[in-house]
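model16.txt (compact mmCIF, C-alpha atoms and all ligand atoms)
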# COMPACT_ATOMS: atom_id res chain seq x y z
CA MET Z 11 10.57 2.68 -12.99
CA LYS Z 12 6.87 3.43 -12.66
CA VAL Z 13 5.67 2.67 -9.17
CA LEU Z 14 2.05 2.56 -8.16
CA LEU Z 15 1.96 3.08 -4.40
CA GLY Z 16 -1.18 1.97 -2.57
CA VAL Z 17 -1.66 3.48 0.88
CA THR Z 18 -4.25 2.35 3.42
CA GLY Z 19 -5.50 3.42 6.83
CA ALA Z 20 -2.61 2.70 9.16
CA ILE Z 21 -0.48 4.91 11.36
CA ALA Z 22 2.63 3.94 9.36
CA CYS Z 23 1.45 6.17 6.47
CA TYR Z 24 3.78 8.83 7.90
CA LYS Z 25 6.81 6.59 7.25
CA VAL Z 26 5.80 6.03 3.64
CA CYS Z 27 6.14 9.77 2.94
CA SER Z 28 9.92 9.25 3.19
CA LEU Z 29 9.69 6.27 0.84
CA VAL Z 30 8.05 8.51 -1.77
CA ARG Z 31 10.94 10.99 -1.42
CA LEU Z 32 13.47 8.18 -1.94
CA MET Z 33 11.67 7.01 -5.06
CA ILE Z 34 11.34 10.49 -6.56
CA ASN Z 35 15.02 11.20 -5.82
CA ALA Z 36 15.88 7.98 -7.68
CA GLY Z 37 14.12 9.38 -10.75
CA TRP Z 38 11.18 6.98 -10.54
CA GLU Z 39 7.63 7.96 -11.45
CA VAL Z 40 5.25 7.54 -8.55
CA ARG Z 41 1.46 7.54 -8.46
CA VAL Z 42 -0.34 7.19 -5.16
CA VAL Z 43 -3.66 5.37 -4.91
CA ALA Z 44 -5.17 6.00 -1.49
CA THR Z 45 -8.10 4.54 0.40
CA ASP Z 46 -10.36 7.08 2.09
CA ARG Z 47 -9.07 5.92 5.50
CA ALA Z 48 -5.43 6.41 4.43
CA LEU Z 49 -6.21 10.08 3.87
CA ASP Z 50 -7.30 10.37 7.52
CA PHE Z 51 -3.67 9.65 8.48
CA VAL Z 52 -1.74 11.61 5.82
CA GLY Z 53 -3.64 14.10 3.67
CA GLU Z 54 -4.00 14.23 -0.08
CA ILE Z 55 -1.93 17.40 -0.43
CA THR Z 56 1.10 15.68 1.13
CA TRP Z 57 0.90 12.64 -1.13
CA ARG Z 58 0.29 14.85 -4.18
CA THR Z 59 3.24 17.13 -3.48
CA LEU Z 60 5.68 14.35 -2.60
CA SER Z 61 4.71 12.11 -5.53
CA GLN Z 62 4.45 15.05 -7.94
CA ASN Z 63 1.20 13.56 -9.21
CA LYS Z 64 -2.50 13.81 -8.51
CA VAL Z 65 -3.67 11.34 -5.86
CA GLU Z 66 -5.86 8.55 -7.23
CA ARG Z 67 -8.93 8.04 -5.05
CA SER Z 68 -11.85 6.78 -7.09
CA ALA Z 69 -12.59 5.23 -10.46
CA PHE Z 70 -15.81 7.23 -10.42
CA ASP Z 71 -14.21 10.71 -10.29
CA GLU Z 72 -14.57 12.96 -13.29
CA GLN Z 73 -11.55 12.57 -15.58
CA ASP Z 74 -10.36 13.57 -19.08
CA ASP Z 75 -9.41 10.05 -20.17
CA TRP Z 76 -12.17 7.55 -21.10
CA HIS Z 77 -10.20 4.54 -19.82
CA PRO Z 78 -11.49 3.12 -16.54
CA ARG Z 79 -9.04 4.39 -13.93
CA HIS Z 80 -8.31 1.00 -12.32
CA ILE Z 81 -7.38 -0.50 -15.69
CA ALA Z 82 -5.27 2.51 -16.70
CA LEU Z 83 -3.31 2.43 -13.42
CA ALA Z 84 -2.79 -1.34 -13.57
CA ASP Z 85 -1.46 -1.00 -17.13
CA TRP Z 86 0.70 2.04 -16.32
CA CYS Z 87 2.79 0.65 -13.47
CA ASP Z 88 5.85 -1.61 -13.50
CA VAL Z 89 5.26 -2.61 -9.90
CA PHE Z 90 2.40 -2.18 -7.43
CA VAL Z 91 3.46 -1.72 -3.82
CA ILE Z 92 0.93 -1.42 -1.02
CA ALA Z 93 2.52 0.11 2.07
CA PRO Z 94 1.27 0.34 4.68
CA LEU Z 95 -1.17 -2.48 4.04
CA SER Z 96 -3.95 -2.57 6.63
CA ALA Z 97 -5.44 -5.83 7.91
CA ASN Z 98 -8.71 -4.71 6.34
CA THR Z 99 -7.33 -4.19 2.84
CA MET Z 100 -5.24 -7.36 3.10
CA ALA Z 101 -8.47 -9.29 3.76
CA LYS Z 102 -10.10 -7.65 0.75
CA LEU Z 103 -7.13 -8.56 -1.47
CA ALA Z 104 -7.14 -12.16 -0.25
CA HIS Z 105 -10.84 -12.46 -1.04
CA GLY Z 106 -10.79 -10.60 -4.35
CA LEU Z 107 -12.97 -7.65 -3.34
CA GLY Z 108 -12.95 -4.53 -5.47
CA ASP Z 109 -14.87 -1.94 -3.47
CA ASN Z 110 -12.48 0.99 -3.94
CA LEU Z 111 -9.94 2.14 -6.51
CA LEU Z 112 -7.01 0.47 -4.73
CA THR Z 113 -8.65 -2.97 -4.53
CA GLN Z 114 -10.11 -2.68 -8.04
CA THR Z 115 -6.65 -1.89 -9.39
CA ALA Z 116 -5.13 -4.83 -7.50
CA LEU Z 117 -7.62 -7.14 -9.20
CA ALA Z 118 -6.79 -5.72 -12.62
CA CYS Z 119 -3.02 -5.67 -12.11
CA THR Z 120 -0.75 -8.37 -13.54
CA LYS Z 121 2.51 -6.67 -12.46
CA PRO Z 122 4.62 -7.68 -9.44
CA LEU Z 123 2.81 -6.96 -6.18
CA LEU Z 124 4.80 -6.00 -3.08
CA LEU Z 125 2.85 -5.96 0.17
CA ALA Z 126 4.03 -4.35 3.39
CA PRO Z 127 1.50 -4.96 6.17
CA ALA Z 128 1.63 -2.87 9.34
CA MET Z 129 -0.64 -3.22 12.32
CA ASN Z 130 -1.03 -3.99 16.00
CA THR Z 131 0.57 -7.30 17.05
CA HIS Z 132 -2.73 -9.03 17.82
CA MET Z 133 -4.18 -7.92 14.49
CA TRP Z 134 -1.12 -9.36 12.73
CA GLN Z 135 -1.26 -12.60 14.69
CA HIS Z 136 -5.00 -13.07 14.21
CA PRO Z 137 -5.64 -16.35 12.36
CA ALA Z 138 -7.70 -14.53 9.72
CA THR Z 139 -4.84 -12.11 8.99
CA GLN Z 140 -2.29 -14.94 8.90
CA ALA Z 141 -4.51 -16.95 6.52
CA ASN Z 142 -4.94 -13.90 4.27
CA ALA Z 143 -1.17 -13.33 4.20
CA ALA Z 144 -0.59 -16.99 3.30
CA THR Z 145 -3.18 -16.81 0.51
CA LEU Z 146 -1.55 -13.75 -1.02
CA LEU Z 147 1.93 -15.29 -0.78
CA GLU Z 148 0.67 -18.44 -2.44
CA ARG Z 149 -0.71 -16.35 -5.30
CA GLY Z 150 2.72 -14.86 -5.98
CA ALA Z 151 2.74 -11.59 -4.06
CA THR Z 152 5.98 -10.59 -2.33
CA LEU Z 153 5.26 -10.02 1.34
CA LEU Z 154 7.57 -7.87 3.40
CA GLU Z 155 6.91 -9.10 6.92
CA PRO Z 156 6.32 -6.50 9.61
CA THR Z 157 9.14 -6.16 12.11
CA GLU Z 158 9.25 -6.27 15.88
CA GLY Z 159 9.53 -3.24 18.14
CA ASP Z 160 7.54 -0.49 19.81
CA LEU Z 161 4.25 0.13 18.05
CA ALA Z 162 2.32 3.39 17.93
CA CYS Z 163 -0.61 1.66 19.67
CA GLY Z 164 1.53 1.42 22.80
CA VAL Z 165 2.54 -2.24 22.75
CA THR Z 166 5.85 -3.89 21.90
CA GLY Z 167 5.67 -6.72 19.40
CA THR Z 168 5.49 -7.62 15.71
CA GLY Z 169 3.60 -5.26 13.43
CA ARG Z 170 5.94 -2.39 12.56
CA LEU Z 171 6.33 -1.30 8.97
CA PRO Z 172 9.97 -1.80 7.91
CA GLU Z 173 11.93 1.45 7.55
CA PRO Z 174 11.54 3.39 4.26
CA GLU Z 175 15.12 2.47 3.21
CA VAL Z 176 14.27 -1.23 3.54
CA LEU Z 177 11.14 -0.81 1.45
CA PHE Z 178 13.11 1.15 -1.15
CA ALA Z 179 15.81 -1.54 -1.34
CA GLN Z 180 13.11 -4.17 -1.85
CA LEU Z 181 11.62 -2.12 -4.69
CA GLN Z 182 15.01 -1.68 -6.34
CA ARG Z 183 15.07 -5.43 -6.85
CA PHE Z 184 12.09 -5.07 -9.19
CA SER Z 185 13.75 -2.29 -11.20
CA VAL Z 186 16.65 -4.52 -12.33
CA ARG Z 187 14.40 -7.34 -13.54
C1 LIG Z 201 -5.55 5.51 15.24
C2 LIG Z 201 -5.78 4.29 14.36
C3 LIG Z 201 -4.70 3.59 13.93
C4 LIG Z 201 -4.87 2.46 13.12
N1 LIG Z 201 -3.77 1.78 12.71
C5 LIG Z 201 -3.93 0.68 11.96
C6 LIG Z 201 -2.80 -0.04 11.54
O1 LIG Z 201 -1.64 0.31 11.83
N2 LIG Z 201 -2.99 -1.16 10.79
C7 LIG Z 201 -4.26 -1.60 10.45
O2 LIG Z 201 -4.38 -2.64 9.80
N3 LIG Z 201 -5.35 -0.90 10.83
C8 LIG Z 201 -5.22 0.21 11.56
N4 LIG Z 201 -6.32 0.92 11.95
C9 LIG Z 201 -7.66 0.46 11.52
C10 LIG Z 201 -7.92 0.83 10.06
O3 LIG Z 201 -7.71 2.22 9.85
C11 LIG Z 201 -9.34 0.41 9.65
O4 LIG Z 201 -9.44 -1.00 9.67
C12 LIG Z 201 -9.73 0.97 8.31
O5 LIG Z 201 -11.06 0.56 8.02
C13 LIG Z 201 -8.82 0.51 7.18
O6 LIG Z 201 -9.35 0.97 5.97
P1 LIG Z 201 -8.62 0.72 4.58
O7 LIG Z 201 -8.11 -0.68 4.60
O8 LIG Z 201 -9.71 0.92 3.58
O9 LIG Z 201 -7.58 1.76 4.40
C14 LIG Z 201 -6.17 2.05 12.75
C15 LIG Z 201 -7.27 2.80 13.16
C16 LIG Z 201 -7.08 3.91 13.97
C17 LIG Z 201 -8.29 4.69 14.40

Starting from the coordinates I provided, produce the structure as structure tokens.
Ligand SMILES: Cc1cc2nc3c(=O)[nH]c(=O)nc-3n(C[C@H](O)[C@H](O)[C@H](O)COP(=O)(O)O)c2cc1C
Amino acid sequence: MKVLLGVTGAIACYKVCSLVRLMINAGWEVRVVATDRALDFVGEITWRTLSQNKVERSAFDEQDDWHPRHIALADWCDVFVIAPLSANTMAKLAHGLGDNLLTQTALACTKPLLLAPAMNTHMWQHPATQANAATLLERGATLLEPTEGDLACGVTGTGRLPEPEVLFAQLQRFSVR
């Protein structure tokens, strides 16, 4: 299976490193498309090494291939998973913005979309975030709800990214389709 993994600026990026290992060990091909903020949490060299592929950051980078990068990535993948999905990027997806490679690719992608939001409880419960989640669900995305527990921001509540094994099991469902 060819998995395009979108990563955004949330603490839970560290958990997704283990998800990449699980996918590579399963023999899947993984490409990481990262927002600039995601790379503040886990650096490019980690994503590149774990995914065994160059990290995709911008459609405007110099490249050998003439195809626009967002179109090429959307065509390449079997499934597009965005984990962790920040409140900010979720809002952009819900409103159809394409201001970076990740959001441009999401607009161009017709493959199954799996979203795994992770954030502070109040961010998750904010009416804007809830409305954006509902919009994306309505449009056919699969939403893996954040779980309850201790959050890195110091509070206990809903907002945790599910464990890498749970994300992997969810992705396996797409590989047998
Ligand atoms: C220490 C720290 C932790 C953060 N954790 C989260 C988070 O878990 N979820 C979230 O939605 N935003 C979080 N943010 C805010 C996002 O990083 C911020 O909204 C950023 O603009 C998201 O950019 P992106 O969506 O382009 O990746 C955090 C910010 C900081 C400084």

* Out of Z:Leu171, Z:Val65, Z:Ala128, Z:Cys27, which residue has the shortest atom-to-atom distance to ligand LIG 201 (chain Z) when counting only C-alpha atoms and all ligand atoms? ->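 Under the stated criterion, the closest residue is Z:Ala128.
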
Taking only residues of chain Z that have an atom at most 7 Å from an atom of ligand LIG 201 (chain Z), what is each one's shortest atom pair and its distance in Å to one decimal, using all atoms listed in the file, in chain and number order, as a tab-separated table?
residue	atom	partner	partner_atom	distance
Z:Thr18	CA	Z:LIG201	O9	3.5
Z:Gly19	CA	Z:LIG201	O9	3.6
Z:Ala20	CA	Z:LIG201	C6	3.6
Z:Ile21	CA	Z:LIG201	N1	4.7
Z:Ala22	CA	Z:LIG201	O1	6.1
Z:Thr45	CA	Z:LIG201	O9	4.9
Z:Asp46	CA	Z:LIG201	O8	6.4
Z:Arg47	CA	Z:LIG201	O9	4.6
Z:Ala48	CA	Z:LIG201	O9	5.1
Z:Leu95	CA	Z:LIG201	O2	6.6
Z:Ser96	CA	Z:LIG201	O2	3.2
Z:Ala97	CA	Z:LIG201	O2	3.9
Z:Asn98	CA	Z:LIG201	O7	4.4
Z:Thr99	CA	Z:LIG201	O7	4.0
Z:Ala128	CA	Z:LIG201	N2	5.1
Z:Met129	CA	Z:LIG201	N2	3.5
Z:Asn130	CA	Z:LIG201	O1	6.0

Excluding same-chain residues fewer than 5 positions from range 66-72 of chain Z, what lies within 6 Å of it counting only C-alpha atoms, as an mmCIF file with C-alpha atoms, in the coordinates of the input?
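Dumped everything to result-v3.cif:
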data_model
loop_
_atom_site.group_PDB
_atom_site.id
_atom_site.type_symbol
_atom_site.label_atom_id
_atom_site.label_comp_id
_atom_site.auth_asym_id
_atom_site.auth_seq_id
_atom_site.Cartn_x
_atom_site.Cartn_y
_atom_site.Cartn_z
ATOM 1 C CA VAL Z 43 -3.660 5.370 -4.910
ATOM 2 C CA ALA Z 44 -5.170 6.000 -1.490
ATOM 3 C CA ARG Z 79 -9.040 4.390 -13.930
ATOM 4 C CA LEU Z 111 -9.940 2.140 -6.510
#

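The spacing separating CA of Gly106 in chain Z from CA of Thr152 in chain Z amounts to 16.9 Å.
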
* **Nearest candidate to Lys102 in chain Z (options Z:Cys163, Z:Leu123, Z:Val89, Z:Ala143; using all atoms listed in the file)** =>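 Using all atoms listed in the file, Lys102 in chain Z sits closest to Z:Ala143.
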
* **Residue contacts of Leu181 in chain Z (12 Å, all atoms listed in the file) excluding same-chain residues fewer than 5 positions away, as number ranges by chain** => Z: 11-15, 29-30, 32-33, 36, 38, 88-93, 122-126, 152-154, 174-176, 186-187

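Atom pair CA of Tyr24 in chain Z / CA of Ala138 in chain Z has a distance of 26.1 Å (rounded to one decimal).
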
* Structure fact -> Using only C-alpha atoms, the residue out of Z:Ala101, Z:Phe51, Z:Gly164, Z:Leu83 with shortest distance to Thr115 in chain Z is Z:Leu83

Around all the atoms of range 130-138 of chain Z listed in the file, with 3 Å of room on each side, what axis-aligned box do you get, giving centre and edge lengths in Å to one decimal, as JSON?
{"center_x": -3.6, "center_y": -10.2, "center_z": 13.8, "size_x": 14.3, "size_y": 18.4, "size_z": 14.1}

* Asked: CA of Arg183 in chain Z to CA of Leu117 in chain Z: how many Å, to one decimal?
  ->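 Calculated distance between CA of Arg183 in chain Z and CA of Leu117 in chain Z is 22.9 Å.
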
* Between Z:Gly150, Z:Gly108, Z:Pro78, Z:Pro94, which one has atoms that come closest to Gly169 in chain Z, using all atoms listed in the file? -> Z:Pro94

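Each of Z:Cys119, Z:Ala82, Z:Leu60, Z:Leu107 was checked against Arg31 in chain Z using all atoms listed in the file; the smallest atom-to-atom distance is that of Z:Leu60.
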
* Go through Z:Cys87, Z:Trp57, Z:Thr168, Z:Lys64 one by one, measure the shortest atom-to-atom distance of each to His136 in chain Z using all atoms listed in the file, and give the residue with the smallest value. =>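 Of the candidates, the smallest distance to His136 in chain Z is held by Z:Thr168.
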